[in-house]
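So this block is work01.csv, CSV, C-alpha atoms and all ligand atoms:
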chain,number,residue,atom,x,y,z
D,1,MET,CA,11.8,-7.1,26.2
D,2,LYS,CA,14.9,-9.1,25.3
D,3,ASN,CA,17.6,-7.1,23.5
D,4,THR,CA,17.3,-8.2,19.9
D,5,GLY,CA,20.0,-5.8,18.5
D,6,ILE,CA,17.5,-4.2,16.2
D,7,THR,CA,17.6,-0.4,15.6
D,8,VAL,CA,14.6,1.5,14.4
D,9,CYS,CA,15.4,4.9,12.8
D,10,PRO,CA,12.4,7.0,11.8
D,11,LEU,CA,12.6,8.8,8.4
D,12,SER,CA,10.1,11.5,9.1
D,13,ALA,CA,7.8,12.7,11.9
D,14,TYR,CA,4.8,10.6,10.9
D,15,THR,CA,5.7,7.7,8.7
D,16,GLY,CA,8.5,5.3,7.6
D,17,ALA,CA,11.4,3.9,9.7
D,18,GLU,CA,14.5,2.0,8.7
D,19,ILE,CA,15.2,-1.1,10.7
D,20,SER,CA,18.9,-2.3,10.9
D,21,GLY,CA,20.8,-4.9,12.8
D,22,ILE,CA,18.9,-7.8,11.3
D,23,ASP,CA,19.4,-10.6,8.8
D,24,LEU,CA,16.1,-11.9,7.4
D,25,ARG,CA,17.4,-15.0,5.7
D,26,GLU,CA,16.8,-17.2,8.7
D,27,PRO,CA,14.0,-17.3,11.2
D,28,LEU,CA,14.3,-14.6,13.9
D,29,GLU,CA,13.6,-14.9,17.6
D,30,GLU,CA,9.9,-14.1,18.4
D,31,GLU,CA,11.0,-10.9,20.2
D,32,ALA,CA,12.4,-9.6,16.9
D,33,TYR,CA,9.1,-10.1,15.1
D,34,LEU,CA,7.3,-8.3,17.9
D,35,GLU,CA,9.7,-5.4,17.6
D,36,ILE,CA,9.2,-5.2,13.8
D,37,ARG,CA,5.4,-5.3,14.3
D,38,GLN,CA,5.7,-2.5,16.9
D,39,ALA,CA,7.7,-0.4,14.5
D,40,ILE,CA,5.1,-0.9,11.8
D,41,ASN,CA,2.4,0.1,14.2
D,42,ASP,CA,4.4,3.2,15.1
D,43,TRP,CA,5.4,4.2,11.6
D,44,GLY,CA,3.1,2.4,9.1
D,45,ALA,CA,6.0,1.4,6.9
D,46,VAL,CA,9.4,-0.1,7.7
D,47,PHE,CA,12.4,-0.6,5.5
D,48,PHE,CA,15.3,-3.1,5.5
D,49,ARG,CA,18.6,-2.7,3.8
D,50,ASP,CA,21.3,-5.1,2.5
D,51,GLN,CA,19.1,-8.2,2.6
D,52,VAL,CA,19.9,-11.1,0.2
D,53,LEU,CA,16.7,-13.1,0.0
D,54,THR,CA,15.3,-15.8,-2.2
D,55,PRO,CA,11.6,-15.6,-2.9
D,56,ALA,CA,11.0,-18.5,-0.5
D,57,GLN,CA,12.9,-16.6,2.3
D,58,GLN,CA,10.8,-13.4,1.6
D,59,LEU,CA,7.7,-15.5,1.8
D,60,ALA,CA,8.7,-17.2,5.0
D,61,PHE,CA,9.4,-13.8,6.6
D,62,ALA,CA,6.0,-12.3,5.4
D,63,ARG,CA,4.2,-15.4,6.8
D,64,LYS,CA,5.3,-14.5,10.3
D,65,PHE,CA,2.9,-11.5,10.2
D,66,GLY,CA,-0.2,-13.3,8.7
D,67,LYS,CA,-1.5,-15.8,6.3
D,68,SER,CA,0.0,-15.3,2.9
D,69,GLU,CA,-2.5,-14.5,0.1
D,70,GLU,CA,-2.5,-16.2,-3.2
D,71,ASP,CA,-4.5,-13.8,-5.2
D,72,THR,CA,-7.2,-16.1,-6.6
D,73,HIS,CA,-8.9,-13.2,-8.4
D,74,VAL,CA,-7.9,-12.0,-11.8
D,75,SER,CA,-4.6,-10.3,-11.6
D,76,ASN,CA,-1.9,-8.7,-13.9
D,77,MET,CA,0.8,-10.3,-11.7
D,78,THR,CA,2.3,-13.7,-12.0
D,79,GLY,CA,4.0,-15.8,-9.3
D,80,VAL,CA,7.7,-16.7,-9.3
D,81,ASP,CA,9.7,-19.9,-8.6
D,82,GLY,CA,6.6,-22.0,-8.2
D,83,LEU,CA,5.4,-19.7,-5.4
D,84,PRO,CA,2.1,-18.2,-6.4
D,85,GLU,CA,2.1,-16.0,-3.4
D,86,VAL,CA,5.3,-14.2,-4.5
D,87,LYS,CA,4.1,-11.8,-7.3
D,88,GLU,CA,6.2,-10.1,-9.9
D,89,VAL,CA,5.8,-6.4,-10.1
D,90,LEU,CA,7.7,-5.9,-13.4
D,91,ARG,CA,8.3,-3.0,-15.7
D,92,GLU,CA,10.4,-3.7,-18.7
D,93,ALA,CA,12.7,-1.0,-20.1
D,94,GLY,CA,10.3,-0.5,-23.0
D,95,ASP,CA,7.1,-0.4,-21.0
D,96,ALA,CA,5.4,3.0,-20.7
D,97,ARG,CA,3.1,1.7,-18.0
D,98,ASN,CA,4.1,2.3,-14.3
D,99,ILE,CA,2.2,0.1,-12.0
D,100,GLY,CA,0.9,1.7,-8.8
D,101,GLY,CA,1.8,5.3,-9.8
D,102,PHE,CA,-0.9,6.9,-7.6
D,103,TRP,CA,-1.8,7.0,-3.9
D,104,HIS,CA,-3.3,3.7,-3.0
D,105,MET,CA,-3.5,0.8,-0.5
D,106,ASP,CA,-3.1,-2.6,-2.0
D,107,GLN,CA,-6.3,-4.4,-3.0
D,108,SER,CA,-8.7,-2.0,-1.3
D,109,PHE,CA,-11.3,-3.0,-4.0
D,110,TYR,CA,-11.9,-6.3,-2.0
D,111,ASP,CA,-14.0,-6.6,1.1
D,112,LEU,CA,-10.9,-7.9,2.9
D,113,PRO,CA,-7.9,-6.2,1.4
D,114,SER,CA,-4.3,-7.2,2.2
D,115,CYS,CA,-3.1,-6.1,5.6
D,116,PHE,CA,0.7,-6.1,5.0
D,117,SER,CA,2.6,-5.9,1.8
D,118,VAL,CA,6.2,-7.0,1.7
D,119,LEU,CA,8.1,-5.7,-1.4
D,120,TYR,CA,11.7,-6.7,-2.2
D,121,GLY,CA,13.7,-4.9,-4.9
D,122,ARG,CA,15.2,-7.5,-7.2
D,123,GLU,CA,16.3,-5.5,-10.2
D,124,LEU,CA,16.4,-1.7,-9.8
D,125,PRO,CA,16.9,1.2,-12.2
D,126,PRO,CA,20.2,3.1,-11.8
D,127,ILE,CA,18.2,6.1,-10.4
D,128,GLY,CA,14.6,6.8,-9.7
D,129,GLY,CA,11.7,4.4,-8.9
D,130,ASP,CA,11.4,5.5,-5.3
D,131,THR,CA,8.2,4.7,-3.4
D,132,MET,CA,6.4,7.3,-1.3
D,133,PHE,CA,4.2,6.6,1.7
D,134,SER,CA,1.6,8.8,3.4
D,135,HIS,CA,0.2,8.0,6.9
D,136,LEU,CA,-3.6,7.8,7.0
D,137,SER,CA,-3.7,8.7,10.7
D,138,ALA,CA,-1.6,11.9,10.1
D,139,ALA,CA,-4.1,12.7,7.3
D,140,HIS,CA,-7.1,12.1,9.6
D,141,ASP,CA,-5.7,14.0,12.6
D,142,SER,CA,-5.0,17.1,10.4
D,143,LEU,CA,-8.6,17.5,9.5
D,144,SER,CA,-10.9,19.9,11.4
D,145,PRO,CA,-13.3,18.3,13.9
D,146,GLY,CA,-16.2,19.4,11.7
D,147,LEU,CA,-14.9,17.6,8.6
D,148,GLN,CA,-14.0,14.6,10.7
D,149,ARG,CA,-17.6,14.4,11.9
D,150,THR,CA,-18.9,14.6,8.3
D,151,LEU,CA,-16.5,12.0,7.0
D,152,GLU,CA,-17.4,9.6,9.9
D,153,ARG,CA,-20.8,9.2,8.2
D,154,LEU,CA,-19.4,8.4,4.8
D,155,SER,CA,-18.2,5.2,3.1
D,156,GLY,CA,-16.1,5.1,-0.1
D,157,VAL,CA,-16.7,2.7,-3.0
D,158,HIS,CA,-13.3,1.3,-4.2
D,159,VAL,CA,-13.2,0.1,-7.9
D,160,ARG,CA,-10.5,-2.2,-9.3
D,161,ALA,CA,-10.7,-1.0,-12.9
D,162,HIS,CA,-9.8,2.6,-11.9
D,163,ALA,CA,-6.1,1.5,-11.7
D,164,ASP,CA,-6.1,1.4,-15.4
D,165,SER,CA,-8.2,4.5,-15.9
D,166,SER,CA,-5.6,6.6,-14.0
D,167,GLU,CA,-2.9,5.5,-16.4
D,168,ILE,CA,-5.1,6.1,-19.4
D,169,ASN,CA,-5.4,9.7,-18.1
D,170,SER,CA,-1.6,10.0,-18.0
D,171,ALA,CA,-0.4,11.2,-21.4
D,172,ALA,CA,2.8,9.2,-21.0
D,173,SER,CA,1.1,5.9,-20.2
D,174,GLY,CA,1.1,4.5,-23.7
D,175,LEU,CA,-2.2,2.8,-22.9
D,176,SER,CA,-5.1,3.0,-25.3
D,177,PHE,CA,-8.7,3.7,-24.6
D,178,ASP,CA,-9.4,0.2,-26.0
D,179,TYR,CA,-7.1,-1.2,-23.3
D,180,TYR,CA,-9.2,0.6,-20.7
D,181,VAL,CA,-12.4,-0.8,-22.1
D,182,GLU,CA,-11.0,-4.3,-22.0
D,183,SER,CA,-9.8,-3.8,-18.5
D,184,CYS,CA,-13.2,-2.6,-17.4
D,185,LYS,CA,-14.7,-5.9,-18.8
D,186,ARG,CA,-12.0,-8.0,-17.2
D,187,PHE,CA,-12.3,-6.5,-13.8
D,188,ALA,CA,-16.1,-5.8,-13.9
D,189,GLY,CA,-17.8,-6.0,-10.5
D,190,ILE,CA,-14.5,-6.0,-8.5
D,191,GLU,CA,-15.3,-3.3,-6.0
D,192,ALA,CA,-15.8,-2.9,-2.3
D,193,THR,CA,-17.2,-0.3,0.1
D,194,HIS,CA,-15.2,0.8,3.2
D,195,PRO,CA,-15.8,3.5,5.8
D,196,ILE,CA,-13.9,6.7,5.0
D,197,ILE,CA,-12.9,7.0,8.7
D,198,ALA,CA,-12.0,3.7,10.4
D,199,ARG,CA,-10.1,2.6,13.5
D,200,HIS,CA,-6.9,0.6,13.3
D,201,PRO,CA,-7.4,-2.6,15.2
D,202,GLU,CA,-3.9,-2.7,16.7
D,203,THR,CA,-3.1,1.0,17.4
D,204,GLY,CA,-6.6,2.2,18.0
D,205,ARG,CA,-5.8,5.3,15.9
D,206,LYS,CA,-8.3,6.6,13.4
D,207,VAL,CA,-7.4,6.6,9.7
D,208,LEU,CA,-8.6,8.4,6.6
D,209,TYR,CA,-9.1,5.3,4.4
D,210,PHE,CA,-9.2,6.9,1.0
D,211,SER,CA,-7.4,6.5,-2.4
D,212,PRO,CA,-7.7,9.2,-5.0
D,213,VAL,CA,-7.8,6.5,-7.7
D,214,TYR,CA,-9.5,3.4,-6.3
D,215,THR,CA,-12.1,5.4,-4.4
D,216,ASP,CA,-14.7,6.1,-7.1
D,217,ARG,CA,-17.3,8.0,-5.0
D,218,PHE,CA,-18.9,8.2,-1.6
D,219,GLU,CA,-21.6,5.6,-1.1
D,220,GLY,CA,-25.0,7.1,-2.0
D,221,TRP,CA,-23.4,10.1,-3.7
D,222,THR,CA,-22.8,10.5,-7.5
D,223,ARG,CA,-19.2,10.7,-8.7
D,224,ASP,CA,-19.7,14.3,-9.7
D,225,GLU,CA,-20.9,15.1,-6.2
D,226,SER,CA,-18.0,13.2,-4.7
D,227,LEU,CA,-15.2,14.7,-6.7
D,228,PRO,CA,-14.7,18.1,-5.1
D,229,LEU,CA,-14.4,16.6,-1.6
D,230,MET,CA,-12.2,13.7,-2.9
D,231,LYS,CA,-10.0,16.3,-4.5
D,232,TYR,CA,-9.5,18.0,-1.2
D,233,LEU,CA,-8.8,14.8,0.6
D,234,THR,CA,-6.2,13.9,-2.1
D,235,GLY,CA,-4.4,17.1,-1.2
D,236,VAL,CA,-4.4,16.1,2.4
D,237,LEU,CA,-2.9,12.7,1.7
D,238,GLY,CA,-0.2,14.2,-0.5
D,239,LYS,CA,0.8,16.9,2.0
D,240,PRO,CA,4.6,16.5,2.2
D,241,GLU,CA,4.6,16.6,6.0
D,242,HIS,CA,2.4,13.4,6.0
D,243,THR,CA,4.8,11.5,3.8
D,244,CYS,CA,8.2,9.8,3.5
D,245,ARG,CA,10.1,8.8,0.4
D,246,PHE,CA,12.0,5.5,0.3
D,247,ARG,CA,14.9,5.2,-2.1
D,248,TRP,CA,15.5,1.6,-3.2
D,249,GLU,CA,19.0,0.1,-3.2
D,250,GLN,CA,20.1,-3.4,-4.0
D,251,GLY,CA,19.0,-5.6,-1.1
D,252,SER,CA,16.2,-3.2,0.0
D,253,MET,CA,12.9,-4.6,1.3
D,254,ALA,CA,9.9,-2.5,2.4
D,255,MET,CA,7.0,-3.7,4.5
D,256,TRP,CA,3.9,-1.6,5.1
D,257,ASP,CA,0.5,-1.8,6.7
D,258,ASN,CA,-2.3,-1.1,4.2
D,259,ARG,CA,-4.6,-0.2,7.0
D,260,ALA,CA,-2.2,2.7,8.1
D,261,VAL,CA,-0.6,4.1,4.9
D,262,VAL,CA,-1.1,4.7,1.2
D,263,HIS,CA,1.9,4.3,-1.1
D,264,TYR,CA,2.8,5.8,-4.5
D,265,ALA,CA,5.3,4.3,-7.0
D,266,LEU,CA,7.2,7.2,-8.7
D,267,ASP,CA,7.4,7.1,-12.5
D,268,ASP,CA,10.8,8.7,-13.2
D,269,TYR,CA,12.9,5.8,-14.5
D,270,GLY,CA,11.5,5.2,-18.0
D,271,GLY,CA,13.8,3.2,-20.3
D,272,HIS,CA,15.1,1.0,-17.4
D,273,ARG,CA,13.9,-2.4,-16.1
D,274,ARG,CA,12.6,-2.6,-12.6
D,275,LEU,CA,11.6,-5.9,-11.0
D,276,MET,CA,10.1,-6.2,-7.6
D,277,HIS,CA,8.7,-9.2,-5.7
D,278,ARG,CA,5.6,-8.7,-3.6
D,279,VAL,CA,4.0,-10.8,-0.9
D,280,THR,CA,0.8,-9.8,0.8
D,281,VAL,CA,-0.6,-11.2,4.0
D,282,ASP,CA,-3.9,-10.9,5.7
D,283,GLY,CA,-4.8,-9.9,9.3
D,284,PRO,CA,-7.5,-8.3,11.4
D,285,TRP,CA,-9.2,-5.6,9.3
D,286,LEU,CA,-10.1,-2.0,10.1
D,287,GLU,CA,-12.8,-1.5,12.6
D,288,GLN,CA,-15.8,0.7,12.2
D,289,SER,CA,-15.2,4.1,13.8
D,290,GLU,CA,-18.0,5.1,16.1
D,291,LYS,CA,-20.5,7.2,14.2
D,292,GLU,CA,-21.9,10.4,15.8
D,293,SER,CA,-25.5,11.4,15.2
D,301,FE,FE,0.7,-1.1,-4.5
Give the structure from the file, written as structure tokens.
Amino acid sequence: MKNTGITVCPLSAYTGAEISGIDLREPLEEEAYLEIRQAINDWGAVFFRDQVLTPAQQLAFARKFGKSEEDTHVSNMTGVDGLPEVKEVLREAGDARNIGGFWHMDQSFYDLPSCFSVLYGRELPPIGGDTMFSHLSAAHDSLSPGLQRTLERLSGVHVRAHADSSEINSAASGLSFDYYVESCKRFAGIEATHPIIARHPETGRKVLYFSPVYTDRFEGWTRDESLPLMKYLTGVLGKPEHTCRFRWEQGSMAMWDNRAVVHYALDDYGGHRRLMHRVTVDGPWLEQSEKES
């Protein structure tokens, strides 16, 4: 492969790598996109520093990895600069609510969720507001063969309205029960079922496709029956060895593969404004992992 000058520096044993030696304002050579894609396949999430990007430049970069998605479903996020695909993820200084403060993959409550998310830090708090990532293949591979075989037979039901229920359950959320009821009406019926163990279409690795909040239950099980095993899997996702923590700086941009990692927006910067711009793109979705009888 041609020397692109790109350096990939892993942040942990399983997930997250910083990519340096690159300026994303202008189109790159095709080899550079291939190298970035390989780094995402290797690490699930990659991070760029010191980038000065307009929303249009961020969108152009993201489109190199798939078709950009304009979320035509009901959403809390608005587009910026006349670009509906570039969504504001905004928390004002006075907001108690922290969007995405739980392990999740973006839009798993749709039949075809986003493949890649590209998040640029536009206005950051002076400290805090880091994002954590956990690799779904590391989680899968750490399970015993017996539990892997059991999970191979299960699917998870992912429910949109649960994003708000998780925040209702947080004493600091500032959200009322009435807000939750409204949210349930607004997002009623937005749910999707995905295999708990799936195969990544590019790496061939198996993943534990599970979110402690969006996954409501195992298909065919009651929620009460599902909760004990889901609680165990939550601990597996959150095992520190499976994670990395990305500290945002001015000019930082993160890009991750929602088929390979879950992420978690830390809620430790209350009283400060934080504005991020997010673009999501589509791509080949997870494949059914072979089931054993
Ligand atoms: Fe997210």
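Here atom CA of D:Leu59 and atom CA of D:Pro10 stand 25.1 Å from one another.
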- Task: Mind giving me the straight-line distance from atom CA of D:Thr15 to atom CA of D:Trp43 in Å, one decimal?
- Result: 4.6 Å
With a cut-off of 10 Å, could you pull out the residues of chain D touching ligand FE 301 (chain D) and give me the nearest pair of atoms for each, distance in Å to one decimal, using only C-alpha atoms and all ligand atoms, ordered by chain and ascending number, as JSON lines?
{"residue": "D:Val89", "atom": "CA", "partner": "D:FE301", "partner_atom": "FE", "distance": 9.2}
{"residue": "D:Ile99", "atom": "CA", "partner": "D:FE301", "partner_atom": "FE", "distance": 7.7}
{"residue": "D:Gly100", "atom": "CA", "partner": "D:FE301", "partner_atom": "FE", "distance": 5.1}
{"residue": "D:Gly101", "atom": "CA", "partner": "D:FE301", "partner_atom": "FE", "distance": 8.4}
{"residue": "D:Phe102", "atom": "CA", "partner": "D:FE301", "partner_atom": "FE", "distance": 8.7}
{"residue": "D:Trp103", "atom": "CA", "partner": "D:FE301", "partner_atom": "FE", "distance": 8.5}
{"residue": "D:His104", "atom": "CA", "partner": "D:FE301", "partner_atom": "FE", "distance": 6.4}
{"residue": "D:Met105", "atom": "CA", "partner": "D:FE301", "partner_atom": "FE", "distance": 6.1}
{"residue": "D:Asp106", "atom": "CA", "partner": "D:FE301", "partner_atom": "FE", "distance": 4.8}
{"residue": "D:Gln107", "atom": "CA", "partner": "D:FE301", "partner_atom": "FE", "distance": 7.9}
{"residue": "D:Ser108", "atom": "CA", "partner": "D:FE301", "partner_atom": "FE", "distance": 10.0}
{"residue": "D:Ser117", "atom": "CA", "partner": "D:FE301", "partner_atom": "FE", "distance": 8.1}
{"residue": "D:Leu119", "atom": "CA", "partner": "D:FE301", "partner_atom": "FE", "distance": 9.2}
{"residue": "D:Thr131", "atom": "CA", "partner": "D:FE301", "partner_atom": "FE", "distance": 9.5}
{"residue": "D:Asn258", "atom": "CA", "partner": "D:FE301", "partner_atom": "FE", "distance": 9.2}
{"residue": "D:Val262", "atom": "CA", "partner": "D:FE301", "partner_atom": "FE", "distance": 8.3}
{"residue": "D:His263", "atom": "CA", "partner": "D:FE301", "partner_atom": "FE", "distance": 6.5}
{"residue": "D:Tyr264", "atom": "CA", "partner": "D:FE301", "partner_atom": "FE", "distance": 7.2}
{"residue": "D:Ala265", "atom": "CA", "partner": "D:FE301", "partner_atom": "FE", "distance": 7.5}
{"residue": "D:Arg278", "atom": "CA", "partner": "D:FE301", "partner_atom": "FE", "distance": 9.1}
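Between atom CA of D:Tyr179 and atom CA of D:Glu92 there is a distance of 18.3 Å.
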Quick one: residues within 12 Å of (-13.5, 11.3, -3.3) (file frame), counting all atoms listed in the file, please, as a PDB file with C-alpha atoms, in the coordinates of the input.
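selection-v4.pdb, freshly written:
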ATOM      1  CA  LEU D 151     -16.500  12.000   7.000  1.00  0.00           C
ATOM      2  CA  LEU D 154     -19.400   8.400   4.800  1.00  0.00           C
ATOM      3  CA  SER D 155     -18.200   5.200   3.100  1.00  0.00           C
ATOM      4  CA  GLY D 156     -16.100   5.100  -0.100  1.00  0.00           C
ATOM      5  CA  VAL D 157     -16.700   2.700  -3.000  1.00  0.00           C
ATOM      6  CA  HIS D 158     -13.300   1.300  -4.200  1.00  0.00           C
ATOM      7  CA  ILE D 196     -13.900   6.700   5.000  1.00  0.00           C
ATOM      8  CA  LEU D 208      -8.600   8.400   6.600  1.00  0.00           C
ATOM      9  CA  TYR D 209      -9.100   5.300   4.400  1.00  0.00           C
ATOM     10  CA  PHE D 210      -9.200   6.900   1.000  1.00  0.00           C
ATOM     11  CA  SER D 211      -7.400   6.500  -2.400  1.00  0.00           C
ATOM     12  CA  PRO D 212      -7.700   9.200  -5.000  1.00  0.00           C
ATOM     13  CA  VAL D 213      -7.800   6.500  -7.700  1.00  0.00           C
ATOM     14  CA  TYR D 214      -9.500   3.400  -6.300  1.00  0.00           C
ATOM     15  CA  THR D 215     -12.100   5.400  -4.400  1.00  0.00           C
ATOM     16  CA  ASP D 216     -14.700   6.100  -7.100  1.00  0.00           C
ATOM     17  CA  ARG D 217     -17.300   8.000  -5.000  1.00  0.00           C
ATOM     18  CA  PHE D 218     -18.900   8.200  -1.600  1.00  0.00           C
ATOM     19  CA  GLU D 219     -21.600   5.600  -1.100  1.00  0.00           C
ATOM     20  CA  TRP D 221     -23.400  10.100  -3.700  1.00  0.00           C
ATOM     21  CA  THR D 222     -22.800  10.500  -7.500  1.00  0.00           C
ATOM     22  CA  ARG D 223     -19.200  10.700  -8.700  1.00  0.00           C
ATOM     23  CA  ASP D 224     -19.700  14.300  -9.700  1.00  0.00           C
ATOM     24  CA  GLU D 225     -20.900  15.100  -6.200  1.00  0.00           C
ATOM     25  CA  SER D 226     -18.000  13.200  -4.700  1.00  0.00           C
ATOM     26  CA  LEU D 227     -15.200  14.700  -6.700  1.00  0.00           C
ATOM     27  CA  PRO D 228     -14.700  18.100  -5.100  1.00  0.00           C
ATOM     28  CA  LEU D 229     -14.400  16.600  -1.600  1.00  0.00           C
ATOM     29  CA  MET D 230     -12.200  13.700  -2.900  1.00  0.00           C
ATOM     30  CA  LYS D 231     -10.000  16.300  -4.500  1.00  0.00           C
ATOM     31  CA  TYR D 232      -9.500  18.000  -1.200  1.00  0.00           C
ATOM     32  CA  LEU D 233      -8.800  14.800   0.600  1.00  0.00           C
ATOM     33  CA  THR D 234      -6.200  13.900  -2.100  1.00  0.00           C
ATOM     34  CA  GLY D 235      -4.400  17.100  -1.200  1.00  0.00           C
ATOM     35  CA  VAL D 236      -4.400  16.100   2.400  1.00  0.00           C
ATOM     36  CA  LEU D 237      -2.900  12.700   1.700  1.00  0.00           C
TER      37      LEU D 237
END
- Item | Nearby residues (only C-alpha atoms) at most 12 Å from D:Ile127, same-chain spacing under 2 positions excluded, as a PyMOL selection string | chain D and resi 123-125+129-130+247-250+266-274
- Message: I need the residue nearest D:Ala260 from this list: D:Ala192, D:Leu83, D:Cys9, D:Ile40. Use all atoms listed in the file for the distance.
- Response: D:Ile40
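The nearest approach to D:Tyr120 among the residues D:Glu70, D:Asp50, D:Glu29, D:Asp42, with only C-alpha atoms taken into account, belongs to D:Asp50.
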- Counting all atoms listed in the file, note down every residue that has an atom within 12 Å of the point (18.7, -8.2, 2.7) (file coordinates), as a PyMOL selection string. chain D and resi 19-26+47-55+57-58+61+119-122+248-254
- Item | Shortest interatomic distance to D:Ala138 - which of D:His200, D:Arg259, D:Lys206, D:Lys64, counting only C-alpha atoms | D:Lys206
- Please provide the set of residues having any atom within 12 Å of D:Asn3, restricted to all atoms listed in the file, with same-chain residues fewer than 4 positions apart removed, written as a PyMOL selection string. chain D and resi 7+21+29-32+34-35
- Message: Excluding D:Val86 and its own-chain neighbours fewer than 4 positions away, which residues fall within 10 Å of it when counting all atoms listed in the file? Please give them as a VMD selection string.
- Response: chain D and resid 55 to 56 58 to 59 68 to 71 77 to 82 118 to 119 276 to 280
Residues from last step as file, C-alpha atoms, as an mmCIF file, in the frame of the given file:
data_model
loop_
_atom_site.group_PDB
_atom_site.id
_atom_site.type_symbol
_atom_site.label_atom_id
_atom_site.label_comp_id
_atom_site.auth_asym_id
_atom_site.auth_seq_id
_atom_site.Cartn_x
_atom_site.Cartn_y
_atom_site.Cartn_z
ATOM 1 C CA PRO D 55 11.600 -15.600 -2.900
ATOM 2 C CA ALA D 56 11.000 -18.500 -0.500
ATOM 3 C CA GLN D 58 10.800 -13.400 1.600
ATOM 4 C CA LEU D 59 7.700 -15.500 1.800
ATOM 5 C CA SER D 68 0.000 -15.300 2.900
ATOM 6 C CA GLU D 69 -2.500 -14.500 0.100
ATOM 7 C CA GLU D 70 -2.500 -16.200 -3.200
ATOM 8 C CA ASP D 71 -4.500 -13.800 -5.200
ATOM 9 C CA MET D 77 0.800 -10.300 -11.700
ATOM 10 C CA THR D 78 2.300 -13.700 -12.000
ATOM 11 C CA GLY D 79 4.000 -15.800 -9.300
ATOM 12 C CA VAL D 80 7.700 -16.700 -9.300
ATOM 13 C CA ASP D 81 9.700 -19.900 -8.600
ATOM 14 C CA GLY D 82 6.600 -22.000 -8.200
ATOM 15 C CA VAL D 118 6.200 -7.000 1.700
ATOM 16 C CA LEU D 119 8.100 -5.700 -1.400
ATOM 17 C CA MET D 276 10.100 -6.200 -7.600
ATOM 18 C CA HIS D 277 8.700 -9.200 -5.700
ATOM 19 C CA ARG D 278 5.600 -8.700 -3.600
ATOM 20 C CA VAL D 279 4.000 -10.800 -0.900
ATOM 21 C CA THR D 280 0.800 -9.800 0.800
#
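With only C-alpha atoms as the basis for measurement, D:Trp256 is the residue among D:Phe246, D:Phe133, D:Tyr180, D:Trp256 that approaches D:Ala39 most closely.
Closest to D:Leu11 among D:Pro113, D:Gly44, D:Pro27, D:Gly94 is D:Gly44, based on only C-alpha atoms.
Comparing the minimum interatomic distances between D:Val46 and each of D:Gly16, D:Gly189, D:Gly204, D:Gly283, counting only C-alpha atoms, we find that D:Gly16 sits nearest.
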What would stretch 5-14 of chain D look like with N, CA, C and O atoms restored, written as a compact mmCIF listing (two decimals), keeping the file's coordinate frame?
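rebuild20.txt, written as the output of this step:
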# COMPACT_ATOMS: atom_id res chain seq x y z
N GLY D 5 19.01 -6.44 19.35
CA GLY D 5 20.00 -5.80 18.50
C GLY D 5 19.46 -5.00 17.36
O GLY D 5 20.19 -4.46 16.54
N ILE D 6 18.13 -4.91 17.31
CA ILE D 6 17.50 -4.20 16.20
C ILE D 6 17.48 -2.69 16.54
O ILE D 6 17.23 -2.28 17.67
N THR D 7 17.75 -1.89 15.50
CA THR D 7 17.60 -0.40 15.60
C THR D 7 16.56 0.07 14.70
O THR D 7 16.50 -0.33 13.53
N VAL D 8 15.69 0.93 15.21
CA VAL D 8 14.60 1.50 14.40
C VAL D 8 14.89 3.01 14.28
O VAL D 8 14.98 3.72 15.28
N CYS D 9 15.06 3.46 13.04
CA CYS D 9 15.40 4.90 12.80
C CYS D 9 14.32 5.52 11.93
O CYS D 9 14.22 5.24 10.72
N PRO D 10 13.48 6.37 12.52
CA PRO D 10 12.40 7.00 11.80
C PRO D 10 12.93 7.89 10.62
O PRO D 10 13.98 8.53 10.77
N LEU D 11 12.17 7.94 9.53
CA LEU D 11 12.60 8.80 8.40
C LEU D 11 11.87 10.11 8.37
O LEU D 11 12.28 11.00 7.64
N SER D 12 10.77 10.22 9.10
CA SER D 12 10.10 11.50 9.10
C SER D 12 9.23 11.52 10.42
O SER D 12 9.24 10.55 11.19
N ALA D 13 8.49 12.60 10.63
CA ALA D 13 7.80 12.70 11.90
C ALA D 13 6.59 11.76 12.00
O ALA D 13 6.22 11.36 13.09
N TYR D 14 6.00 11.38 10.85
CA TYR D 14 4.80 10.60 10.90
C TYR D 14 4.90 9.18 10.36
O TYR D 14 4.19 8.27 10.77
